[in-house]
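model.txt follows; it contains compact mmCIF, C-alpha atoms.
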```txt
# COMPACT_ATOMS: atom_id res chain seq x y z
CA MET A 22 0.04 -32.38 17.84
CA THR A 23 -3.45 -33.47 16.79
CA MET A 24 -4.70 -33.61 13.22
CA ASP A 25 -6.96 -30.62 13.86
CA SER A 26 -4.03 -28.58 15.17
CA ARG A 27 -1.89 -29.45 12.15
CA THR A 28 -4.74 -28.49 9.83
CA GLN A 29 -5.20 -25.17 11.62
CA TYR A 30 -1.49 -24.34 11.50
CA LEU A 31 -1.35 -25.26 7.82
CA SER A 32 -4.40 -23.10 7.16
CA VAL A 33 -2.91 -20.08 8.92
CA PHE A 34 0.43 -20.60 7.14
CA ARG A 35 -1.18 -20.72 3.72
CA GLN A 36 -3.34 -17.68 4.37
CA TYR A 37 -0.26 -15.76 5.51
CA LEU A 38 1.61 -16.98 2.43
CA ALA A 39 -1.15 -15.75 0.13
CA ALA A 40 -1.41 -12.42 1.96
CA ILE A 41 2.35 -11.82 1.93
CA THR A 42 2.55 -12.74 -1.75
CA VAL A 43 -0.05 -10.20 -2.85
CA ALA A 44 1.39 -7.71 -0.36
CA LEU A 45 4.65 -7.84 -2.34
CA SER A 46 2.82 -5.36 -4.53
CA MET A 47 2.83 -3.02 -1.53
CA LEU A 48 6.58 -3.55 -1.17
CA THR A 49 6.88 -2.26 -4.73
CA ILE A 50 4.67 0.73 -3.84
CA GLY A 51 6.82 1.53 -0.81
CA MET A 52 9.96 1.49 -2.93
CA SER A 53 8.32 3.66 -5.60
CA SER A 54 7.10 6.18 -3.02
CA ALA A 55 10.50 6.41 -1.34
CA TRP A 56 12.59 6.31 -4.53
CA PRO A 57 12.77 10.11 -5.02
CA SER A 58 14.30 10.64 -1.56
CA PRO A 59 17.78 9.20 -2.29
CA VAL A 60 17.61 10.08 -6.00
CA LEU A 61 16.73 13.79 -5.84
CA PRO A 62 20.06 14.83 -4.25
CA LYS A 63 21.89 12.98 -7.04
CA ILE A 64 19.81 14.71 -9.70
CA LEU A 65 20.35 18.14 -8.14
CA ASN A 66 24.09 17.49 -7.67
CA HIS A 67 24.44 16.24 -11.28
CA THR A 68 25.68 12.80 -10.17
CA SER A 69 22.91 10.85 -11.95
CA PRO A 70 22.41 10.17 -15.68
CA VAL A 71 19.42 12.55 -15.61
CA THR A 72 19.59 16.31 -15.06
CA MET A 73 16.39 18.07 -14.02
CA ASP A 74 15.39 21.42 -12.59
CA ILE A 75 12.99 21.95 -9.70
CA THR A 76 9.94 22.25 -11.96
CA GLU A 77 10.74 19.01 -13.76
CA ILE A 78 11.35 17.28 -10.44
CA SER A 79 7.93 18.42 -9.20
CA TRP A 80 6.27 16.99 -12.29
CA MET A 81 8.20 13.76 -11.99
CA VAL A 82 7.22 13.23 -8.36
CA SER A 83 3.59 14.30 -8.93
CA LEU A 84 2.92 12.02 -11.91
CA TYR A 85 3.10 9.06 -9.54
CA PHE A 86 0.08 10.41 -7.67
CA LEU A 87 -1.76 11.12 -10.92
CA GLY A 88 -1.40 7.47 -11.96
CA ASN A 89 -2.49 6.41 -8.48
CA THR A 90 -5.64 8.50 -8.89
CA LEU A 91 -6.62 7.21 -12.35
CA SER A 92 -6.28 3.43 -11.96
CA PRO A 93 -8.52 2.32 -9.02
CA ILE A 94 -11.87 2.52 -10.85
CA PRO A 95 -10.73 0.53 -13.92
CA ALA A 96 -8.94 -1.91 -11.61
CA GLY A 97 -12.14 -2.50 -9.65
CA TRP A 98 -14.07 -3.26 -12.83
CA LEU A 99 -11.36 -5.53 -14.24
CA MET A 100 -10.94 -7.55 -11.05
CA ASP A 101 -14.66 -8.38 -11.02
CA LYS A 102 -14.54 -9.40 -14.66
CA PHE A 103 -11.27 -11.32 -14.86
CA GLY A 104 -10.24 -12.09 -11.28
CA ARG A 105 -8.26 -10.53 -8.46
CA LYS A 106 -5.09 -12.58 -8.83
CA ARG A 107 -5.15 -12.55 -12.64
CA ILE A 108 -5.38 -8.77 -12.94
CA MET A 109 -2.60 -8.22 -10.42
CA TYR A 110 -0.50 -10.80 -12.26
CA ILE A 111 -1.04 -9.15 -15.64
CA PHE A 112 -0.66 -5.59 -14.40
CA ASN A 113 2.58 -6.50 -12.65
CA VAL A 114 4.12 -5.56 -16.00
CA LEU A 115 3.57 -1.88 -15.04
CA PRO A 116 6.16 -1.62 -12.23
CA PHE A 117 8.55 -3.95 -14.04
CA SER A 118 8.42 -1.76 -17.15
CA ALA A 119 8.74 1.36 -15.02
CA TRP A 120 12.03 0.22 -13.50
CA VAL A 121 13.39 -0.87 -16.87
CA ILE A 122 12.59 2.60 -18.24
CA THR A 123 14.17 4.20 -15.16
CA TYR A 124 17.36 2.19 -15.65
CA PHE A 125 17.80 3.46 -19.22
CA ALA A 126 16.53 7.01 -18.57
CA LYS A 127 18.76 9.85 -19.77
CA SER A 128 16.26 12.70 -19.62
CA ALA A 129 13.17 13.82 -17.71
CA TRP A 130 10.52 12.36 -20.02
CA PRO A 131 11.34 8.66 -19.43
CA LEU A 132 11.17 9.32 -15.69
CA TYR A 133 7.78 11.01 -16.16
CA LEU A 134 6.53 7.83 -17.83
CA ALA A 135 8.11 5.53 -15.26
CA ARG A 136 6.60 7.41 -12.35
CA PHE A 137 3.19 7.44 -14.01
CA LEU A 138 3.35 3.66 -14.60
CA ASN A 139 4.33 3.07 -10.98
CA GLY A 140 1.39 5.25 -9.96
CA LEU A 141 -0.99 3.19 -12.10
CA TRP A 142 0.31 0.08 -10.37
CA ALA A 143 -0.10 1.68 -6.94
CA GLY A 144 -3.77 2.46 -7.57
CA THR A 145 -4.36 -1.04 -8.94
CA ALA A 146 -2.62 -2.79 -6.05
CA TYR A 147 -4.25 -0.63 -3.37
CA THR A 148 -7.65 -1.55 -4.82
CA ILE A 149 -7.18 -5.28 -5.38
CA CYS A 150 -4.80 -6.32 -2.62
CA ALA A 151 -7.16 -5.34 0.21
CA ILE A 152 -10.10 -7.05 -1.51
CA TYR A 153 -8.16 -10.28 -2.12
CA ILE A 154 -6.94 -10.51 1.47
CA GLY A 155 -10.44 -9.75 2.78
CA GLU A 156 -11.86 -12.59 0.69
CA ILE A 157 -9.30 -15.31 1.42
CA ALA A 158 -8.76 -14.68 5.14
CA GLU A 159 -10.68 -16.11 8.06
CA PRO A 160 -12.25 -13.39 10.25
CA SER A 161 -10.00 -14.22 13.22
CA ILE A 162 -6.81 -13.25 11.36
CA ARG A 163 -8.16 -10.88 8.71
CA GLY A 164 -7.03 -7.77 10.57
CA SER A 165 -3.45 -8.93 11.03
CA LEU A 166 -3.23 -10.14 7.43
CA SER A 167 -4.51 -6.81 6.14
CA ASN A 168 -1.75 -5.07 8.07
CA PHE A 169 0.84 -6.69 5.81
CA ASN A 170 -0.09 -4.04 3.24
CA ASN A 171 1.21 -1.21 5.41
CA LEU A 172 4.04 -3.30 6.85
CA LEU A 173 5.54 -4.22 3.49
CA LYS A 174 5.01 -0.74 2.10
CA ASN A 175 7.11 0.66 4.94
CA ALA A 176 9.65 -2.13 4.49
CA GLY A 177 10.00 -1.17 0.83
CA GLY A 178 10.51 2.46 1.76
CA LEU A 179 13.12 1.56 4.37
CA CYS A 180 15.02 -0.59 1.88
CA VAL A 181 15.32 2.34 -0.53
CA PHE A 182 16.24 4.75 2.27
CA VAL A 183 19.03 2.46 3.52
CA VAL A 184 20.52 1.41 0.20
CA GLY A 185 19.59 4.20 -2.22
CA PRO A 186 22.04 6.93 -1.12
CA TYR A 187 25.03 4.58 -1.40
CA ILE A 188 24.47 2.89 -4.76
CA SER A 189 24.21 4.19 -8.30
CA PHE A 190 21.05 5.43 -9.99
CA GLU A 191 21.02 2.37 -12.26
CA LEU A 192 21.66 -0.16 -9.51
CA LEU A 193 18.79 1.24 -7.45
CA ALA A 194 16.48 0.74 -10.45
CA ILE A 195 17.63 -2.91 -10.69
CA LEU A 196 16.99 -3.44 -6.98
CA CYS A 197 13.48 -2.01 -7.23
CA GLY A 198 12.79 -4.08 -10.36
CA LEU A 199 13.57 -7.31 -8.51
CA VAL A 200 10.38 -7.10 -6.44
CA PRO A 201 7.87 -7.32 -9.34
CA THR A 202 10.07 -10.10 -10.74
CA VAL A 203 9.74 -12.08 -7.49
CA PHE A 204 5.99 -11.38 -7.44
CA PHE A 205 5.71 -12.79 -10.99
CA PHE A 206 6.90 -16.21 -9.77
CA ALA A 207 5.49 -16.15 -6.22
CA ALA A 208 1.95 -15.44 -7.46
CA LEU A 209 1.99 -18.82 -9.24
CA LEU A 210 1.84 -20.51 -5.83
CA ILE A 211 -1.38 -18.96 -4.55
CA PRO A 212 -4.99 -19.53 -5.66
CA GLU A 213 -7.56 -17.15 -7.05
CA SER A 214 -10.11 -15.78 -4.58
CA PRO A 215 -12.83 -18.42 -3.89
CA TYR A 216 -15.32 -15.57 -3.72
CA PHE A 217 -14.54 -14.49 -7.29
CA LEU A 218 -14.59 -18.08 -8.57
CA LEU A 219 -18.10 -18.49 -7.17
CA MET A 220 -19.08 -15.19 -8.79
CA ILE A 221 -18.31 -16.68 -12.22
CA ASN A 222 -19.89 -20.06 -11.33
CA LYS A 223 -16.64 -22.02 -11.11
CA ASN A 224 -17.77 -23.97 -8.07
CA LYS A 225 -15.24 -26.80 -8.36
CA GLU A 226 -12.31 -24.38 -8.69
CA ALA A 227 -13.66 -22.34 -5.77
CA LYS A 228 -13.76 -25.41 -3.56
CA GLU A 229 -10.19 -26.37 -4.49
CA ALA A 230 -8.98 -22.84 -3.80
CA LEU A 231 -10.71 -22.80 -0.41
CA ARG A 232 -9.36 -26.27 0.42
CA TRP A 233 -5.83 -25.03 -0.26
CA LEU A 234 -6.35 -21.92 1.86
CA ARG A 235 -7.89 -23.83 4.77
CA GLY A 236 -5.20 -26.51 4.93
CA ASN A 237 -7.38 -29.45 3.85
CA LYS A 238 -9.97 -28.73 6.51
CA GLU A 239 -12.61 -31.35 7.24
CA GLU A 240 -14.97 -31.70 4.28
CA SER A 241 -18.12 -30.78 6.18
CA LEU A 242 -16.57 -27.56 7.52
CA LEU A 243 -15.25 -26.73 4.08
CA GLU A 244 -18.71 -27.20 2.55
CA LEU A 245 -20.26 -25.01 5.25
CA GLU A 246 -17.85 -22.14 4.61
CA LEU A 247 -18.29 -22.51 0.87
CA THR A 248 -22.05 -22.34 1.32
CA ASN A 249 -21.75 -19.15 3.36
CA ILE A 250 -19.55 -17.56 0.71
CA HIS A 251 -21.99 -18.64 -1.97
CA LYS A 252 -24.87 -17.01 -0.08
CA ALA A 253 -22.87 -13.78 0.12
CA VAL A 254 -22.21 -13.95 -3.61
CA LEU A 255 -25.87 -14.53 -4.40
CA ALA A 256 -26.92 -11.70 -2.13
CA GLN A 257 -24.61 -9.35 -3.96
CA THR A 258 -25.40 -10.50 -7.50
CA GLU A 259 -29.16 -10.23 -6.86
CA ILE A 260 -28.69 -6.49 -6.43
CA THR A 261 -28.54 -4.89 -9.86
CA GLY A 262 -26.31 -2.02 -8.90
CA ARG A 263 -26.30 1.25 -10.80
CA PHE A 264 -23.98 4.18 -10.30
CA LYS A 265 -26.79 6.35 -8.91
CA ASP A 266 -27.50 3.68 -6.26
CA ILE A 267 -24.35 4.83 -4.49
CA PHE A 268 -26.12 8.06 -3.67
CA THR A 269 -29.78 7.00 -3.47
CA ASP A 270 -29.36 3.97 -1.17
CA ARG A 271 -28.62 4.95 2.43
CA ALA A 272 -26.29 2.01 3.17
CA ASN A 273 -24.37 2.48 -0.08
CA ARG A 274 -24.13 6.20 0.50
CA LYS A 275 -22.79 5.71 4.00
CA GLY A 276 -20.21 3.15 2.86
CA PHE A 277 -19.15 5.33 -0.05
CA LEU A 278 -18.72 8.37 2.19
CA ILE A 279 -16.71 6.41 4.75
CA VAL A 280 -14.32 5.07 2.14
CA MET A 281 -13.98 8.41 0.35
CA ILE A 282 -13.42 10.45 3.51
CA LEU A 283 -10.85 8.02 4.86
CA SER A 284 -9.03 7.91 1.53
CA ILE A 285 -8.95 11.71 1.31
CA VAL A 286 -7.70 12.05 4.89
CA LYS A 287 -5.03 9.40 4.29
CA ASN A 288 -3.74 11.06 1.12
CA MET A 289 -3.95 14.55 2.61
CA SER A 290 -1.89 13.40 5.59
CA GLY A 291 1.18 13.95 3.42
CA PHE A 292 3.03 10.75 4.31
CA ASP A 293 4.03 9.81 0.75
CA VAL A 294 5.08 13.36 -0.11
CA MET A 295 7.21 13.54 3.03
CA GLN A 296 8.92 10.30 2.00
CA ALA A 297 9.68 11.68 -1.44
CA TYR A 298 11.14 15.01 -0.35
CA THR A 299 12.59 14.38 3.12
CA SER A 300 16.22 14.09 2.03
CA ILE A 301 16.22 17.56 0.43
CA THR A 302 13.74 19.19 2.83
CA LEU A 303 15.26 18.67 6.27
CA PRO A 304 17.56 21.49 7.41
CA VAL A 305 21.16 20.37 6.89
CA GLU A 306 22.24 21.85 10.23
CA ALA A 307 19.56 19.98 12.19
CA PHE A 308 22.10 17.47 13.50
CA ASP A 309 25.86 17.79 13.59
CA SER A 310 26.67 14.08 13.63
CA ILE A 311 24.30 12.79 10.97
CA GLY A 312 23.15 14.03 7.59
CA PRO A 313 19.75 14.10 5.82
CA ASN A 314 20.21 10.57 4.42
CA GLU A 315 20.77 9.14 7.88
CA CYS A 316 17.74 11.06 9.16
CA VAL A 317 15.67 9.48 6.41
CA ILE A 318 16.92 6.00 7.41
CA ILE A 319 15.92 6.64 11.03
CA LEU A 320 12.51 7.76 9.81
CA GLY A 321 12.13 4.56 7.77
CA VAL A 322 13.14 2.32 10.68
CA ILE A 323 10.64 3.99 13.00
CA SER A 324 7.88 3.63 10.39
CA LEU A 325 8.60 -0.08 9.98
CA VAL A 326 8.81 -0.80 13.72
CA THR A 327 5.56 1.06 14.33
CA SER A 328 3.91 -0.95 11.54
CA VAL A 329 4.86 -4.15 13.34
CA LEU A 330 3.50 -2.84 16.64
CA SER A 331 0.27 -1.78 14.95
CA ILE A 332 -0.49 -5.46 14.27
CA PHE A 333 -1.08 -5.87 18.00
CA LEU A 334 -2.77 -2.49 18.47
CA LEU A 335 -5.39 -3.27 15.81
CA ASP A 336 -6.66 -6.21 17.87
CA ARG A 337 -6.71 -4.30 21.16
CA PHE A 338 -8.13 -0.88 20.39
CA PRO A 339 -11.24 0.22 18.47
CA ARG A 340 -10.40 1.27 14.94
CA ARG A 341 -12.33 4.50 15.28
CA PHE A 342 -10.09 5.45 18.22
CA LEU A 343 -6.89 4.61 16.30
CA LEU A 344 -8.08 6.53 13.24
CA THR A 345 -8.93 9.56 15.38
CA VAL A 346 -5.54 9.54 17.12
CA SER A 347 -3.77 9.00 13.80
CA SER A 348 -5.62 11.78 11.97
CA LEU A 349 -5.19 14.34 14.75
CA GLY A 350 -1.54 13.40 15.18
CA CYS A 351 -0.75 13.66 11.47
CA GLY A 352 -2.55 16.99 11.24
CA ALA A 353 -0.75 18.44 14.28
CA MET A 354 2.70 17.32 13.10
CA THR A 355 2.15 18.60 9.56
CA LEU A 356 1.01 21.94 10.97
CA LEU A 357 4.02 22.12 13.29
CA ALA A 358 6.55 21.36 10.53
CA GLY A 359 4.75 23.70 8.13
CA CYS A 360 4.89 26.56 10.62
CA TRP A 361 8.65 26.08 11.04
CA PHE A 362 9.28 26.15 7.28
CA PHE A 363 6.99 29.16 6.85
CA LEU A 364 8.70 31.13 9.60
CA ASN A 365 12.12 30.18 8.27
CA GLU A 366 11.44 31.00 4.62
CA LYS A 367 8.87 33.79 4.70
CA THR A 368 9.65 35.82 7.82
CA ASP A 369 12.61 37.37 9.61
CA ILE A 370 11.97 35.31 12.74
CA ASN A 371 15.02 33.21 13.61
CA VAL A 372 13.94 29.58 14.03
CA ARG A 373 17.31 28.00 13.20
CA ASP A 374 17.82 27.15 16.88
CA PHE A 375 14.89 24.80 16.46
CA ALA A 376 16.14 23.16 13.25
CA GLN A 377 15.50 19.71 14.71
CA LEU A 378 11.78 20.42 14.94
CA PRO A 379 10.87 19.32 11.36
CA PHE A 380 12.71 16.02 11.84
CA TYR A 381 10.96 15.25 15.12
CA SER A 382 7.65 16.25 13.54
CA PHE A 383 8.27 13.85 10.65
CA ILE A 384 9.10 11.04 13.09
CA PHE A 385 5.97 11.49 15.18
CA HIS A 386 3.94 11.84 11.98
CA ALA A 387 5.28 8.47 10.77
CA VAL A 388 4.41 6.85 14.11
CA VAL A 389 0.79 8.01 14.27
CA TYR A 390 0.28 7.36 10.54
CA SER A 391 1.49 3.77 10.91
CA ILE A 392 -0.91 2.94 13.74
CA GLY A 393 -4.05 4.24 12.06
CA LEU A 394 -4.35 5.82 8.63
CA GLY A 395 -1.74 3.52 7.08
CA PRO A 396 -3.00 0.03 8.01
CA ILE A 397 -6.69 0.69 8.65
CA VAL A 398 -7.66 2.67 5.57
CA ALA A 399 -5.94 0.11 3.36
CA SER A 400 -8.10 -2.69 4.80
CA VAL A 401 -11.45 -0.88 5.01
CA LYS A 402 -12.39 -1.56 1.37
CA GLY A 403 -11.81 -5.29 1.73
CA GLU A 404 -13.59 -5.61 5.07
CA MET A 405 -16.59 -3.49 4.11
CA PHE A 406 -16.90 -5.23 0.75
CA PHE A 407 -16.77 -8.64 2.38
CA SER A 408 -18.80 -7.91 5.49
CA LYS A 409 -21.50 -10.44 4.65
CA HIS A 410 -19.12 -13.38 4.81
```

Could you render the structure from this file as structure tokens?
Amino acid sequence: MTMDSRTQYLSVFRQYLAAITVALSMLTIGMSSAWPSPVLPKILNHTSPVTMDITEISWMVSLYFLGNTLSPIPAGWLMDKFGRKRIMYIFNVLPFSAWVITYFAKSAWPLYLARFLNGLWAGTAYTICAIYIGEIAEPSIRGSLSNFNNLLKNAGGLCVFVVGPYISFELLAILCGLVPTVFFFAALLIPESPYFLLMINKNKEAKEALRWLRGNKEESLLELELTNIHKAVLAQTEITGRFKDIFTDRANRKGFLIVMILSIVKNMSGFDVMQAYTSITLPVEAFDSIGPNECVIILGVISLVTSVLSIFLLDRFPRRFLLTVSSLGCGAMTLLAGCWFFLNEKTDINVRDFAQLPFYSFIFHAVVYSIGLGPIVASVKGEMFFSKH
């Protein structure tokens, strides 16, 4: 193996290491999103330390999404002021605290707070993780690295689906709390974004960070890449952006609309809500040999496998095509499942012979979500933001 080959392999390894490390935050998000699924049956059956009614459960689940909504804008401002890695490192206290609170919870209110804190972390991580990966990755592997976000999120969900129904409420909280603990130590190994370091005129630190990420690449090539990043930084800082520029500048307006529409479509697809409620939503008579918990595990496995396959699909098909297929597929499956539940609950039409339909709809929904809306929307912010590099 030549020196150039060893340098290239080292570079790819370190970029993957950095991407996987920050994507541990997505593992935490996946576990938080899926956590209600194995826990809600225990709460309703009075086998957990917390007793809640349906209204309280709805608030508890929904507060996660409220936190997710409130944190992205402050996170975006903070990461430009203090750094991508630093803010994620500091705000890692949110999920850790949430799981500590969950462990000791004896009533609904601590769970309200825990879910809200996990939601704040989700919005922070969604915002910063994609930007960090977009800034540290070489263009040739940026797409596959960005897919770690969706991959680890689904892995986190699967872990909770598999283990959650068979362990105690408290032990599940400990398991979920281990991930932010691992992130706390793993993040010490990776550098800050060279792009951000150049933004705050720390040129020496930026060069060292880029040297680490590129596996001690030849000095001339390192200087060339650093120069290109510096030009991108200067081009951005020369533009004195104001909030109204989002709407008055055509390019900004187009980018803003793209990001907003994709984010709305992704959230309205219902994937996270399905994860939360699947265990108590699927008809119990859908399958004779397996129960709702096993159905949820199957759903998690399929989501994870599809996330792995999407790594290869992203490099072979146009993203617009994958997003179109994903959006139409999610919409059709949500409509199909919704019609079954409506007919079953609100009409006298007998649809019990088709009790398997919601489960199959959920499965196909997970597949099409994982090849488009899941991985692509998560990476759009980072790629659009860093398009000049």

* Determine the nearest neighbour of Lys174 of chain A from the options A:Cys150, A:Leu349, A:Met47, A:Leu209, counting only C-alpha atoms. => A:Met47

* **Closest of A:Glu244, A:Glu77, A:Glu159, A:Asp101 to Ala40 of chain A - atom-to-atom distances counting only C-alpha atoms** =>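 Of A:Glu244, A:Glu77, A:Glu159, A:Asp101, the one nearest Ala40 of chain A, counting only C-alpha atoms, is A:Glu159.
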
* For Trp361 of chain A, which of A:Ser348, A:Ser382, A:Ser310, A:Ser324 is the closest residue, counting only C-alpha atoms? ->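 Closest candidate: A:Ser382.
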
* Compile the contact shell of Phe375 of chain A as a list of chain:residue names: residues with an atom at most 12 Å away, counting all atoms listed in the file, same-chain residues fewer than 5 positions apart removed. =>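 The residues satisfying every condition are A:Leu303, A:Pro304, A:Glu306, A:Ala307, A:Phe308, A:Leu357, A:Ala358, A:Cys360, A:Trp361, A:Phe362, A:Leu364, A:Asn365, A:Ile370, A:Phe380, A:Tyr381, A:Ser382.
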
* Sel. within 10 Å of pt (7.2, -1.6, 12.0), counting all atoms listed in the file, output as a list in words ->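 Counting all atoms listed in the file, I find these residues within 10 Å of (7.2, -1.6, 12.0): Asn171, Leu172, Leu173, Asn175, Ala176, Gly321, Val322, Ile323, Ser324, Leu325, Val326, Thr327, Ser328, Val329, Leu330, Ser331, Ile332, Val388, Ser391 and Ile392 of chain A.
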
* **Contacts of Thr42 of chain A within 8 Å, all atoms listed in the file, excl. fewer than 2 positions in-chain, as a ChimeraX atom specification** => /A:38-40,44-46,204,207-208,211

* Asked: Which is closer to Pro215 of chain A than all the others in A:Gly104, A:Pro62, A:Pro396, A:Pro339, using only C-alpha atoms?
  ->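 Closest to Pro215 of chain A of all the choices is A:Gly104.
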
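Put simply, atom CA of Val346 of chain A is 24.0 Å away from atom CA of Ser54 of chain A.
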
* Near Phe190 of chain A, within 7 Å and counting only C-alpha atoms, which residues show up once chain neighbours fewer than 3 positions away are dropped, as a ChimeraX atom specification? -> /A:69,193-194

* Which residues come within 7 Å of Leu344 of chain A, counting only C-alpha atoms, excluding same-chain residues fewer than 4 positions away, as a ChimeraX atom specification? -> /A:340,348,393-394

* So which one's closest to Asn66 of chain A, A:Ile301, A:Leu31, A:Leu166, A:Ile318? Using all atoms listed in the file, please. ->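 The answer is A:Ile301, which sits nearest to Asn66 of chain A.
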
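Going from atom CA of Pro116 of chain A to atom CA of Asn139 of chain A covers 5.2 Å.
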
* Asked: Could you pull the residues within 12 Å of Thr248 of chain A, counting all atoms listed in the file, minus those fewer than 4 positions along the same chain, as a list in words?
  ->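 Listing them by chain and then by number gives Pro215, Tyr216, Leu219, Asn224, Ala227, Lys228, Leu231, Ser241, Leu242, Leu243, Glu244, Lys252, Ala253, Val254, Leu255 and His410 of chain A.
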
* Asked: Which value, in Å to one decimal, gives the distance between atom CA of Ser58 of chain A and atom CA of Gly185 of chain A?
  ->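 Computing it gives 8.4 Å between the two atoms.
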
* Between A:Gln36, A:Asn170, A:Ser92, A:Asn237, which one has atoms that come closest to Glu156 of chain A, using only C-alpha atoms? -> A:Gln36
